[in-house]
$ cat query.cif   # mmCIF, C-alpha atoms and all ligand atoms
data_entry
loop_
_atom_site.label_atom_id
_atom_site.label_comp_id
_atom_site.auth_asym_id
_atom_site.auth_seq_id
_atom_site.Cartn_x
_atom_site.Cartn_y
_atom_site.Cartn_z
CA MET A 123 -105.95 37.53 38.30
CA ALA A 124 -105.46 41.07 39.42
CA ARG A 125 -102.90 43.38 37.91
CA ALA A 126 -101.50 46.29 39.86
CA VAL A 127 -98.93 49.02 39.38
CA LEU A 128 -96.58 50.17 42.12
CA ASP A 129 -94.95 53.57 41.87
CA ALA A 130 -91.55 53.31 43.55
CA ARG A 131 -90.04 56.24 41.70
CA ASN A 132 -87.75 58.63 43.54
CA LEU A 133 -87.09 56.06 46.22
CA LEU A 134 -83.60 54.76 46.81
CA CYS A 135 -82.78 51.11 47.26
CA PRO A 136 -83.70 49.19 49.25
CA LEU A 137 -86.99 51.07 49.53
CA PRO A 138 -88.31 49.97 46.12
CA VAL A 139 -87.67 46.37 47.22
CA ILE A 140 -89.39 46.92 50.57
CA ARG A 141 -92.43 48.51 48.90
CA THR A 142 -92.58 45.64 46.40
CA GLN A 143 -92.37 43.08 49.18
CA ASP A 144 -95.06 44.78 51.26
CA ARG A 145 -97.37 45.12 48.28
CA ILE A 146 -96.96 41.53 47.17
CA ALA A 147 -97.76 40.39 50.71
CA ARG A 148 -101.27 41.68 50.06
CA MET A 149 -101.65 40.01 46.66
CA ALA A 150 -102.64 36.47 45.66
CA PRO A 151 -100.64 33.86 43.75
CA GLY A 152 -100.95 34.46 40.02
CA ASP A 153 -101.52 38.22 40.40
CA VAL A 154 -99.23 40.49 38.44
CA LEU A 155 -97.44 43.55 39.81
CA GLU A 156 -95.70 46.13 37.68
CA VAL A 157 -93.12 48.15 39.62
CA ARG A 158 -91.70 51.42 38.34
CA ALA A 159 -88.56 52.79 39.96
CA THR A 160 -85.87 55.35 39.24
CA ASP A 161 -83.02 53.92 41.30
CA PRO A 162 -81.04 51.86 38.78
CA GLY A 163 -80.22 49.43 41.59
CA ALA A 164 -83.84 48.27 41.48
CA LEU A 165 -83.12 46.51 38.21
CA ASN A 166 -80.97 44.00 40.10
CA ASP A 167 -82.47 44.14 43.56
CA ILE A 168 -86.13 43.55 42.79
CA PRO A 169 -85.47 40.47 40.63
CA ALA A 170 -83.03 39.18 43.28
CA TRP A 171 -85.70 39.57 45.94
CA CYS A 172 -88.19 37.77 43.66
CA ARG A 173 -85.80 34.87 43.20
CA VAL A 174 -85.29 34.34 46.93
CA SER A 175 -88.99 34.78 47.62
CA GLY A 176 -90.36 32.49 44.94
CA HIS A 177 -91.98 35.04 42.62
CA ARG A 178 -91.54 35.04 38.86
CA VAL A 179 -90.04 38.02 37.04
CA LEU A 180 -91.88 38.37 33.74
CA GLU A 181 -89.96 41.43 32.61
CA ALA A 182 -87.15 43.64 33.88
CA ARG A 183 -86.06 46.51 31.70
CA GLU A 184 -84.97 50.11 31.59
CA GLU A 185 -87.30 52.63 30.03
CA GLY A 186 -85.43 55.90 29.72
CA ARG A 187 -84.50 56.82 33.27
CA GLU A 188 -86.99 54.40 34.76
CA VAL A 189 -86.71 50.77 35.68
CA VAL A 190 -89.73 48.57 35.05
CA VAL A 191 -90.09 45.15 36.66
CA VAL A 192 -93.14 42.99 36.06
CA ILE A 193 -93.69 40.23 38.60
CA GLU A 194 -96.05 37.29 38.82
CA VAL A 195 -96.78 36.53 42.44
CA GLY A 196 -95.78 33.01 43.43
CA ASP A 197 -97.18 30.61 46.02
CA GLY A 198 -96.69 31.21 49.70
CA ALA A 199 -96.55 34.96 49.32
CA ASP A 200 -96.88 35.87 52.94
CA GLY A 201 -94.28 38.60 52.97
CA MET B 236 -91.56 10.15 66.19
CA ALA B 237 -89.15 12.36 64.29
CA GLU B 238 -88.21 15.72 65.80
CA LYS B 239 -90.12 18.42 64.03
CA GLN B 240 -88.00 20.66 61.88
CA ARG B 241 -87.03 23.77 63.83
CA LYS B 242 -87.16 27.21 62.28
CA ALA B 243 -84.75 30.06 62.88
CA VAL B 244 -84.79 33.64 61.74
CA ALA B 245 -81.30 34.95 61.03
CA LEU B 246 -80.32 38.62 61.13
CA ILE B 247 -78.67 39.20 57.78
CA SER B 248 -76.59 42.36 57.49
CA GLY B 249 -75.02 41.56 54.16
CA GLY B 250 -71.61 40.93 55.70
CA LEU B 251 -69.75 37.66 56.04
CA ASP B 252 -70.39 36.86 59.70
CA SER B 253 -74.16 36.77 59.55
CA MET B 254 -73.91 34.79 56.31
CA LEU B 255 -71.75 32.15 58.00
CA ALA B 256 -73.92 32.04 61.12
CA ALA B 257 -77.02 31.34 59.05
CA ARG B 258 -75.23 28.71 57.04
CA VAL B 259 -73.86 26.90 60.08
CA VAL B 260 -77.38 26.52 61.44
CA MET B 261 -78.81 25.49 58.06
CA ASP B 262 -76.18 22.76 57.97
CA GLN B 263 -77.80 21.26 61.03
CA GLY B 264 -81.11 20.83 59.27
CA VAL B 265 -82.78 23.95 60.64
CA HIS B 266 -85.11 25.88 58.34
CA VAL B 267 -83.66 29.39 58.15
CA GLU B 268 -85.13 32.62 56.82
CA GLY B 269 -83.34 35.96 56.86
CA ILE B 270 -84.41 39.31 58.21
CA ASN B 271 -82.73 42.57 57.31
CA PHE B 272 -83.44 46.01 58.77
CA PHE B 273 -83.40 49.28 56.89
CA THR B 274 -82.53 52.17 59.21
CA GLY B 275 -81.77 54.74 56.53
CA PHE B 276 -78.12 54.74 57.56
CA CYS B 277 -77.24 51.45 55.91
CA VAL B 278 -74.21 51.53 53.67
CA GLU B 279 -76.20 49.44 51.22
CA GLY B 280 -77.52 50.40 47.91
CA HIS B 281 -78.05 54.11 47.77
CA THR B 282 -74.68 55.58 47.73
CA HIS B 283 -73.69 53.21 45.03
CA ALA B 284 -76.76 54.02 43.07
CA ILE B 285 -76.21 57.73 43.40
CA ARG B 286 -72.62 58.05 42.44
CA ARG B 287 -71.84 57.48 38.85
CA ARG B 288 -68.29 56.39 39.40
CA ASP B 289 -69.76 53.38 41.14
CA ARG B 290 -71.93 52.56 38.18
CA ALA B 291 -69.17 50.62 36.51
CA ARG B 292 -69.20 48.13 39.35
CA PRO B 293 -72.21 45.86 39.49
CA LYS B 294 -74.52 47.23 42.14
CA ARG B 295 -76.13 44.86 44.48
CA ASN B 296 -77.88 44.78 47.78
CA ASN B 297 -75.55 42.68 49.90
CA ALA B 298 -78.26 41.25 52.13
CA LEU B 299 -80.18 40.03 49.09
CA TRP B 300 -77.02 38.67 47.59
CA VAL B 301 -76.31 36.73 50.78
CA ALA B 302 -79.85 35.35 50.87
CA GLU B 303 -79.48 34.20 47.31
CA GLN B 304 -76.16 32.51 48.01
CA LEU B 305 -77.71 30.73 50.96
CA GLY B 306 -80.92 29.95 49.13
CA ILE B 307 -83.11 31.42 51.87
CA ARG B 308 -85.95 33.90 51.90
CA LEU B 309 -85.19 37.42 53.03
CA HIS B 310 -87.59 39.79 54.75
CA ILE B 311 -86.53 43.41 54.63
CA VAL B 312 -88.08 45.58 57.29
CA ASP B 313 -88.33 49.36 57.15
CA ILE B 314 -87.52 50.67 60.63
CA VAL B 315 -86.62 54.24 59.66
CA GLU B 316 -89.21 55.85 61.95
CA GLU B 317 -88.74 53.65 64.99
CA TYR B 318 -84.99 53.84 64.68
CA LYS B 319 -85.00 57.55 65.57
CA GLN B 320 -85.61 56.73 69.20
CA VAL B 321 -82.66 54.37 69.14
CA LEU B 322 -80.31 56.90 67.62
CA LEU B 323 -81.51 59.97 69.46
CA HIS B 324 -81.78 58.45 72.92
CA PRO B 325 -79.49 55.45 73.20
CA ARG B 326 -79.59 54.03 76.68
CA HIS B 327 -76.02 52.84 76.38
CA GLY B 328 -74.59 55.81 74.51
CA TYR B 329 -72.54 55.95 71.37
CA GLY B 330 -69.48 54.19 70.08
CA GLN B 331 -66.64 56.04 68.47
CA ASN B 332 -68.86 58.24 66.30
CA LEU B 333 -72.65 58.45 66.41
CA ASN B 334 -73.17 54.70 66.30
CA PRO B 335 -75.43 53.49 69.11
CA CYS B 336 -74.40 49.90 68.46
CA LEU B 337 -75.56 48.27 71.65
CA ASP B 338 -79.01 49.83 71.54
CA CYS B 339 -79.17 49.21 67.81
CA LYS B 340 -78.38 45.50 68.13
CA THR B 341 -80.85 45.17 70.97
CA PHE B 342 -83.54 46.90 68.94
CA MET B 343 -82.96 44.71 65.89
CA VAL B 344 -83.00 41.54 67.95
CA ARG B 345 -86.22 42.69 69.60
CA LYS B 346 -87.83 43.31 66.19
CA ALA B 347 -86.62 39.92 64.99
CA TYR B 348 -88.07 38.37 68.14
CA GLU B 349 -91.47 39.95 67.36
CA TRP B 350 -91.25 38.61 63.82
CA MET B 351 -90.23 35.20 65.11
CA ARG B 352 -93.32 34.91 67.30
CA GLU B 353 -95.67 36.22 64.65
CA HIS B 354 -94.41 33.67 62.15
CA GLY B 355 -94.11 30.68 64.46
CA PHE B 356 -90.32 30.42 64.34
CA ASP B 357 -88.32 28.91 67.18
CA PHE B 358 -85.17 30.97 67.67
CA ILE B 359 -82.96 33.77 66.42
CA VAL B 360 -79.51 33.57 64.91
CA THR B 361 -76.97 36.39 64.68
CA GLY B 362 -73.44 36.55 63.31
CA GLU B 363 -72.06 38.24 66.40
CA VAL B 364 -68.53 37.27 67.36
CA LEU B 365 -67.23 37.73 70.87
CA GLY B 366 -64.72 40.58 71.06
CA GLN B 367 -65.13 41.54 67.43
CA ARG B 368 -66.51 45.00 67.96
CA PRO B 369 -65.65 47.27 70.84
CA MET B 370 -69.16 48.14 71.94
CA SER B 371 -71.79 45.59 71.16
CA GLN B 372 -69.85 42.36 70.91
CA ARG B 373 -68.30 41.91 74.30
CA ARG B 374 -68.72 39.25 76.94
CA ASP B 375 -70.46 41.75 79.19
CA THR B 376 -72.70 43.21 76.48
CA PHE B 377 -73.90 39.98 74.89
CA PRO B 378 -76.24 39.31 77.81
CA VAL B 379 -77.50 42.91 77.62
CA VAL B 380 -78.75 42.35 74.07
CA ALA B 381 -80.43 39.06 75.00
CA ARG B 382 -82.02 40.51 78.13
CA GLU B 383 -83.13 43.94 76.95
CA SER B 384 -84.54 42.62 73.69
CA GLY B 385 -86.61 40.12 75.65
CA VAL B 386 -85.41 37.19 73.56
CA GLY B 387 -83.46 35.64 76.44
CA ASP B 388 -81.93 32.29 75.66
CA LEU B 389 -83.59 31.95 72.28
CA LEU B 390 -80.73 33.94 70.78
CA LEU B 391 -78.04 31.75 69.26
CA ARG B 392 -74.65 33.10 68.13
CA PRO B 393 -73.29 30.11 66.25
CA LEU B 394 -69.86 31.63 65.58
CA SER B 395 -69.03 32.13 69.27
CA ALA B 396 -71.48 29.69 70.87
CA LYS B 397 -68.84 27.44 72.36
CA LEU B 398 -67.55 30.32 74.46
CA LEU B 399 -71.00 31.23 75.74
CA PRO B 400 -73.47 29.57 78.08
CA PRO B 401 -75.64 27.02 76.24
CA THR B 402 -78.81 28.54 74.86
CA ARG B 403 -82.15 26.84 74.65
CA PRO B 404 -81.68 25.67 71.03
CA GLU B 405 -78.51 23.90 72.22
CA ARG B 406 -79.98 22.49 75.41
CA GLU B 407 -83.04 21.15 73.65
CA GLY B 408 -80.97 19.61 70.90
CA TRP B 409 -82.45 21.74 68.10
CA VAL B 410 -78.81 22.31 67.19
CA ASP B 411 -75.72 20.39 68.15
CA ARG B 412 -73.44 22.62 70.21
CA GLU B 413 -70.46 20.51 69.23
CA ARG B 414 -70.85 21.62 65.64
CA LEU B 415 -70.93 25.33 66.48
CA TYR B 416 -67.86 27.54 66.78
CA GLY B 417 -65.75 29.39 69.32
CA PHE B 418 -64.53 32.37 67.32
CA HIS B 419 -63.43 35.42 69.22
CA GLY B 420 -61.45 38.61 68.83
CA ARG B 421 -60.86 40.90 65.93
CA THR B 422 -59.08 38.45 63.66
CA ARG B 423 -61.04 37.53 60.56
CA LYS B 424 -59.01 34.42 59.76
CA PRO B 425 -61.38 31.77 61.14
CA GLN B 426 -64.32 33.37 59.31
CA MET B 427 -62.36 33.46 56.09
CA ALA B 428 -61.36 29.83 56.48
CA LEU B 429 -64.96 28.84 57.09
CA ALA B 430 -66.08 30.91 54.10
CA ALA B 431 -63.53 29.10 51.94
CA ARG B 432 -64.85 25.77 53.20
CA TYR B 433 -68.36 26.73 52.17
CA GLY B 434 -67.08 28.08 48.86
CA PHE B 435 -68.29 31.65 49.57
CA ARG B 436 -66.56 34.21 47.38
CA ASP B 437 -67.10 37.92 46.72
CA TYR B 438 -68.67 38.54 50.08
CA ALA B 439 -68.76 42.08 51.45
CA GLN B 440 -66.35 43.01 54.21
CA PRO B 441 -67.46 46.33 55.64
CA ALA B 442 -64.54 47.85 57.52
CA GLY B 443 -66.05 50.01 60.28
CA GLY B 444 -69.47 48.53 60.74
CA CYS B 445 -72.72 48.03 58.97
CA CYS B 446 -73.80 51.64 58.79
CA PHE B 447 -72.81 55.24 58.14
CA LEU B 448 -73.08 56.16 61.80
CA THR B 449 -69.65 54.62 62.37
CA ASP B 450 -68.21 56.88 59.68
CA GLU B 451 -66.52 59.93 61.16
CA GLN B 452 -67.30 62.28 58.28
CA TYR B 453 -70.91 61.20 58.12
CA ALA B 454 -71.33 61.56 61.87
CA ALA B 455 -69.81 65.05 61.70
CA LYS B 456 -72.42 66.03 59.10
CA LEU B 457 -75.24 64.68 61.23
CA ALA B 458 -73.93 66.47 64.33
CA ASP B 459 -73.70 69.68 62.31
CA LEU B 460 -77.30 69.29 61.17
CA TRP B 461 -78.50 68.96 64.73
CA SER B 462 -76.46 71.86 66.00
CA ALA B 463 -77.56 74.17 63.14
CA ARG B 464 -81.21 73.34 63.76
CA GLY B 465 -80.88 73.59 67.48
CA ARG B 466 -82.55 70.22 67.96
CA ARG B 467 -81.69 66.60 67.49
CA ASP B 468 -84.07 65.32 64.88
CA TYR B 469 -84.07 64.16 61.27
CA ASP B 470 -86.19 62.65 58.55
CA LEU B 471 -85.24 60.18 55.88
CA ASP B 472 -84.45 62.89 53.31
CA ASP B 473 -82.10 64.63 55.74
CA ILE B 474 -80.05 61.54 56.29
CA LEU B 475 -80.00 60.57 52.63
CA LEU B 476 -78.80 64.04 51.67
CA LEU B 477 -75.95 63.72 54.14
CA LYS B 478 -74.61 60.90 51.99
CA VAL B 479 -74.46 63.06 48.89
CA GLY B 480 -72.17 65.88 47.76
CA ARG B 481 -69.80 68.22 49.52
CA HIS B 482 -71.35 69.92 52.52
CA LEU B 483 -70.07 73.44 53.18
CA ARG B 484 -71.26 75.73 55.93
CA PRO B 485 -69.84 79.20 55.21
CA ARG B 486 -72.17 80.88 57.70
CA PRO B 487 -73.82 79.42 60.77
CA HIS B 488 -77.30 79.48 59.25
CA LEU B 489 -76.24 78.60 55.72
CA LYS B 490 -75.21 75.21 54.40
CA LEU B 491 -74.55 74.37 50.77
CA ILE B 492 -74.71 70.89 49.29
CA VAL B 493 -72.59 70.77 46.15
CA ALA B 494 -72.93 67.80 43.82
CA ARG B 495 -69.65 66.12 42.99
CA GLU B 496 -70.62 64.47 39.75
CA GLU B 497 -73.47 63.68 37.40
CA GLY B 498 -75.11 60.98 39.50
CA GLU B 499 -75.27 63.33 42.48
CA ASN B 500 -76.58 66.12 40.28
CA ARG B 501 -79.45 63.92 39.24
CA PHE B 502 -80.15 62.85 42.77
CA LEU B 503 -80.14 66.43 44.07
CA GLU B 504 -82.42 67.52 41.23
CA GLY B 505 -85.13 65.53 42.96
CA TYR B 506 -84.94 68.05 45.84
CA ARG B 507 -85.16 71.23 43.77
CA ARG B 508 -88.72 71.92 44.78
CA ARG B 509 -87.89 71.79 48.45
CA TYR B 510 -84.69 73.80 48.58
CA THR B 511 -83.36 77.08 47.30
CA HIS B 512 -80.88 76.01 44.66
CA LEU B 513 -78.31 77.38 42.24
CA ARG B 514 -76.67 76.33 39.06
CA THR B 515 -74.10 78.01 36.86
CA VAL B 516 -75.44 78.84 33.39
CA SER B 517 -72.46 80.38 31.57
CA HIS B 518 -70.31 77.36 32.38
CA PRO B 519 -71.07 73.73 33.23
CA GLY B 520 -71.21 73.25 36.96
CA PRO B 521 -72.81 71.33 39.78
CA LEU B 522 -76.25 71.78 41.23
CA VAL B 523 -76.04 73.44 44.64
CA LEU B 524 -78.77 73.11 47.26
CA VAL B 525 -79.06 75.72 50.00
CA ASP B 526 -80.06 74.50 53.45
CA GLY B 527 -81.18 77.45 55.57
CA GLU B 528 -82.81 80.80 54.92
CA ALA B 529 -80.69 82.76 52.49
CA ASP B 530 -80.94 86.56 52.10
CA ASP B 531 -79.46 88.41 49.10
CA GLU B 532 -76.01 88.49 50.56
CA ASP B 533 -76.11 84.78 51.32
CA LEU B 534 -77.28 84.05 47.79
CA GLU B 535 -74.42 86.07 46.37
CA LEU B 536 -71.94 84.08 48.44
CA ALA B 537 -73.64 80.81 47.43
CA ALA B 538 -73.41 81.86 43.79
CA ARG B 539 -69.69 82.62 44.13
CA ILE B 540 -69.15 79.20 45.69
CA ALA B 541 -71.21 77.52 42.96
CA ALA B 542 -68.99 79.31 40.43
CA ARG B 543 -65.93 78.13 42.32
CA PHE B 544 -66.96 74.50 41.77
CA SER B 545 -67.89 75.05 38.11
CA LYS B 546 -65.82 74.84 34.96
CA GLY B 547 -65.72 78.63 35.07
CA ARG B 548 -63.68 78.75 38.26
CA ALA B 549 -60.83 80.56 36.48
CA ALA B 550 -63.11 82.93 34.54
CA PRO B 551 -63.40 86.56 35.64
CA GLU B 552 -67.17 86.24 35.85
CA VAL B 553 -69.69 83.44 35.88
CA GLU B 554 -73.42 83.64 35.43
CA VAL B 555 -75.45 81.72 37.98
CA GLU B 556 -79.15 81.05 38.15
CA ALA B 557 -80.52 81.14 41.67
CA VAL B 558 -83.97 79.80 42.44
CA PRO B 559 -85.13 80.84 45.91
CA LEU B 560 -87.57 78.53 47.58
CA GLY B 561 -91.02 79.59 46.43
CA GLY B 562 -89.59 82.57 44.50
CA GLU B 563 -88.76 83.57 40.96
CA PRO B 564 -85.48 82.40 39.39
CA ARG B 565 -82.94 85.14 38.99
CA ARG B 566 -79.59 85.50 37.31
CA LEU B 567 -76.47 86.69 39.13
CA ARG B 568 -73.14 87.57 37.58
CA VAL B 569 -70.41 86.82 40.09
CA ARG B 570 -66.69 86.45 40.44
CA PRO B 571 -65.87 82.87 41.43
CA LEU B 572 -64.65 82.65 44.98
CA PRO B 573 -60.88 82.18 44.90
CA ALA B 574 -59.66 78.86 46.28
CA SER B 575 -57.86 80.67 49.09
CA GLU B 576 -61.16 82.05 50.36
CA VAL B 577 -62.87 78.68 50.61
CA ARG B 578 -62.07 78.10 54.25
CA PRO B 579 -61.21 74.54 55.32
CA GLU B 580 -63.56 74.77 58.30
CA TRP B 581 -66.50 75.30 55.96
CA TYR B 582 -66.28 71.64 55.07
CA VAL B 583 -68.69 70.15 57.54
CA GLU B 584 -67.37 66.62 57.17
CA ARG B 585 -63.94 67.73 58.27
CA ARG B 586 -65.15 69.22 61.51
CA GLY B 587 -64.01 67.02 64.23
CA ALA B 588 -64.75 65.41 67.47
CA GLY B 589 -65.85 68.44 69.50
CA LEU B 590 -69.04 68.84 67.52
CA LEU B 591 -69.68 65.15 67.76
CA ARG B 592 -69.33 65.03 71.49
CA ARG B 593 -71.65 67.95 71.94
CA ALA B 594 -74.22 66.35 69.66
CA ALA B 595 -73.95 63.09 71.53
CA ALA B 596 -74.48 64.86 74.82
CA GLY B 597 -77.62 66.26 73.18
S1 LIG C 601 -72.72 49.82 62.97
FE1 LIG C 601 -74.70 50.85 62.73
S2 LIG C 601 -76.16 49.22 62.09
FE2 LIG C 601 -74.31 48.21 62.92
S3 LIG C 601 -74.82 47.83 65.10
FE3 LIG C 601 -73.71 49.81 64.99
S4 LIG C 601 -75.31 51.35 64.84
FE4 LIG C 601 -76.27 49.39 64.31
#
$ encode --input "query.cif" --output "structure tokens"
Amino acid sequence: MARAVLDARNLLCPLPVIRTQDRIARMAPGDVLEVRATDPGALNDIPAWCRVSGHRVLEAREEGREVVVVIEVGDGADG
Amino acid sequence: MAEKQRKAVALISGGLDSMLAARVVMDQGVHVEGINFFTGFCVEGHTHAIRRRDRARPKRNNALWVAEQLGIRLHIVDIVEEYKQVLLHPRHGYGQNLNPCLDCKTFMVRKAYEWMREHGFDFIVTGEVLGQRPMSQRRDTFPVVARESGVGDLLLRPLSAKLLPPTRPEREGWVDRERLYGFHGRTRKPQMALAARYGFRDYAQPAGGCCFLTDEQYAAKLADLWSARGRRDYDLDDILLLKVGRHLRPRPHLKLIVAREEGENRFLEGYRRRYTHLRTVSHPGPLVLVDGEADDEDLELAARIAARFSKGRAAPEVEVEAVPLGGEPRRLRVRPLPASEVRPEWYVERRGAGLLRRAAAG
């Protein structure tokens, strides 16, 4: 199970979601991706995208001015 | 043998019409997935994220929200780069402001068509309604979108289908034409009734269109950018910055972007390394970015304007720190510019149609 970190800081929504989506398309089910963003909208948008795409959100929290979302890649992750 | 389940990709803008169109087709047993395009001009997300006064309201990406309501997957595609060609050289020109709607729709349908073939889907669904929008949703322009995008009769518009020639999905029985709709015109009543029937609430109802290019003030700022640079071009940062702050152009080569509140301050801070910028130090005040090459006299004027928008506007003197691009910070003591000397025509967003028309003529 690979674990990766995606730096989506200083990007405005929906770019953090797009970067997350494109990154996950290259990962395998069971892999874990940690996304860091600064747009507070990412705290809602990334988990929403995960829900419609069948990925599991392990964590979604604010850390100072950053948003951290940890995702477990689900099945059928073909972007 | 049972008909195989057909698959459609639906253009999801985040508004009600595309939401209904997707749902109508899902109701007929079609597998639907959504596609949403990010041009950089979308009204979505950013602006709400930037401005603090919007923070009280729950922020959401409307396209994602729609997908969640419908229970479908959503693919968001970044078309910022490719979209430049659409905006800068629209074959069919612009609508009321700098919105190249017909070319834009055609481009999005073409991209969706590419996606459709790559992913083995059967047809495309849009929420277009005949006569709803002056440029792209007319009886004579509907065929233009289908033809120029290359999708032909694989493009289904479920909300107006009954008023249009049958498409292949209808002819082949992938969908039942009888259970599609014949909406037309600018009224929103039939859509709202259908939304009520499906139990959709809280959907977004963008007034002018799906993007900032239909907004007169935004278009004026974009036209001003092109005319000041002497060429029609932009990058993503340019167009994001046009959504933020007051834009004042006191001299032809000098534009100031003045944050309006804390959220904008924070957003503009991200650009400090790339722009000359100023901030009042003796009094609280906004961050001001300078677009253009500023000499000492320009900086002095910028400092007086920064003071004007600070809490020290009534003070006899305000201290301002100016940080020239690639230079050392320096302190200036200035008299805030009196309100009467802030000329209305400096406000770029209030400059009108003349600039726009010239920009459009390119
Ligand atoms: S309003 Fe904007 S996004 Fe919508 S069709 Fe027109 S140009 Fe395209």
$ axis_aligned_box --input "query.cif" --around "stretch 557-561 of chain B" --padding-each-side "4 Å" --output "AutoDock Vina command-line options"
--center_x -85.8 --center_y 79.8 --center_z 44.6 --size_x 18.5 --size_y 10.6 --size_z 13.9
$ residues_near_ligand --input "query.cif" --ligand "ligand LIG 601 (chain C)" --cutoff "10 Å" --atoms "all atoms listed in the file" --output "ChimeraX atom specification"
/B:248,272-278,318,321-322,329-330,332-343,368,370-372,441,443-450
$ write_last_selection --input "query.cif" --atoms "C-alpha atoms" --output "PDB file, in the coordinates of the input"
ATOM      1  CA  SER B 248     -76.590  42.360  57.490  1.00  0.00           C
ATOM      2  CA  PHE B 272     -83.440  46.010  58.770  1.00  0.00           C
ATOM      3  CA  PHE B 273     -83.400  49.280  56.890  1.00  0.00           C
ATOM      4  CA  THR B 274     -82.530  52.170  59.210  1.00  0.00           C
ATOM      5  CA  GLY B 275     -81.770  54.740  56.530  1.00  0.00           C
ATOM      6  CA  PHE B 276     -78.120  54.740  57.560  1.00  0.00           C
ATOM      7  CA  CYS B 277     -77.240  51.450  55.910  1.00  0.00           C
ATOM      8  CA  VAL B 278     -74.210  51.530  53.670  1.00  0.00           C
ATOM      9  CA  TYR B 318     -84.990  53.840  64.680  1.00  0.00           C
ATOM     10  CA  VAL B 321     -82.660  54.370  69.140  1.00  0.00           C
ATOM     11  CA  LEU B 322     -80.310  56.900  67.620  1.00  0.00           C
ATOM     12  CA  TYR B 329     -72.540  55.950  71.370  1.00  0.00           C
ATOM     13  CA  GLY B 330     -69.480  54.190  70.080  1.00  0.00           C
ATOM     14  CA  ASN B 332     -68.860  58.240  66.300  1.00  0.00           C
ATOM     15  CA  LEU B 333     -72.650  58.450  66.410  1.00  0.00           C
ATOM     16  CA  ASN B 334     -73.170  54.700  66.300  1.00  0.00           C
ATOM     17  CA  PRO B 335     -75.430  53.490  69.110  1.00  0.00           C
ATOM     18  CA  CYS B 336     -74.400  49.900  68.460  1.00  0.00           C
ATOM     19  CA  LEU B 337     -75.560  48.270  71.650  1.00  0.00           C
ATOM     20  CA  ASP B 338     -79.010  49.830  71.540  1.00  0.00           C
ATOM     21  CA  CYS B 339     -79.170  49.210  67.810  1.00  0.00           C
ATOM     22  CA  LYS B 340     -78.380  45.500  68.130  1.00  0.00           C
ATOM     23  CA  THR B 341     -80.850  45.170  70.970  1.00  0.00           C
ATOM     24  CA  PHE B 342     -83.540  46.900  68.940  1.00  0.00           C
ATOM     25  CA  MET B 343     -82.960  44.710  65.890  1.00  0.00           C
ATOM     26  CA  ARG B 368     -66.510  45.000  67.960  1.00  0.00           C
ATOM     27  CA  MET B 370     -69.160  48.140  71.940  1.00  0.00           C
ATOM     28  CA  SER B 371     -71.790  45.590  71.160  1.00  0.00           C
ATOM     29  CA  GLN B 372     -69.850  42.360  70.910  1.00  0.00           C
ATOM     30  CA  PRO B 441     -67.460  46.330  55.640  1.00  0.00           C
ATOM     31  CA  GLY B 443     -66.050  50.010  60.280  1.00  0.00           C
ATOM     32  CA  GLY B 444     -69.470  48.530  60.740  1.00  0.00           C
ATOM     33  CA  CYS B 445     -72.720  48.030  58.970  1.00  0.00           C
ATOM     34  CA  CYS B 446     -73.800  51.640  58.790  1.00  0.00           C
ATOM     35  CA  PHE B 447     -72.810  55.240  58.140  1.00  0.00           C
ATOM     36  CA  LEU B 448     -73.080  56.160  61.800  1.00  0.00           C
ATOM     37  CA  THR B 449     -69.650  54.620  62.370  1.00  0.00           C
ATOM     38  CA  ASP B 450     -68.210  56.880  59.680  1.00  0.00           C
TER      39      ASP B 450
END
$ atom_distance --input "query.cif" --atom1 "atom CA of A:Asp197" --atom2 "atom CA of A:Ser175"
9.3 Å
$ closest_residue --input "query.cif" --among "A:Ala124, A:Cys172, A:Val157, A:Ala150" --to "chain B" --atoms "all atoms listed in the file"
A:Cys172
$ closest_residue --input "query.cif" --among "B:Met254, B:Leu390, B:Val259, B:Leu476" --to "chain A" --atoms "all atoms listed in the file"
B:Leu476
$ closest_residue --input "query.cif" --among "A:Arg148, A:Arg125, A:Arg131, A:Arg141" --to "A:Glu194" --atoms "all atoms listed in the file"
A:Arg125
$ atom_distance --input "query.cif" --atom1 "atom CA of B:Val386" --atom2 "atom CA of B:Arg241"
16.7 Å
$ closest_atom_pairs --input "query.cif" --of "chain A" --to "chain B" --cutoff "6 Å" --atoms "all atoms listed in the file" --output "CSV"
residue,atom,partner,partner_atom,distance
A:Leu134,CA,B:His281,CA,5.7
A:Cys135,CA,B:Gly280,CA,5.3
A:Gly163,CA,B:Ala284,CA,5.9
A:Val174,CA,B:Arg308,CA,5.0
A:Ser175,CA,B:Arg308,CA,5.3
$ residues_around --input "query.cif" --residues "A:Asp153" --least-positions-apart "5" --cutoff "12 Å" --atoms "all atoms listed in the file" --output "list in words"
Met123, Ala124, Arg125, Ala126, Val127, Arg145, Ile146, Ala147, Arg148, His177, Arg178, Val179, Leu180, Val192, Ile193, Glu194, Val195, Gly196, Asp197 and Ala199 of chain A
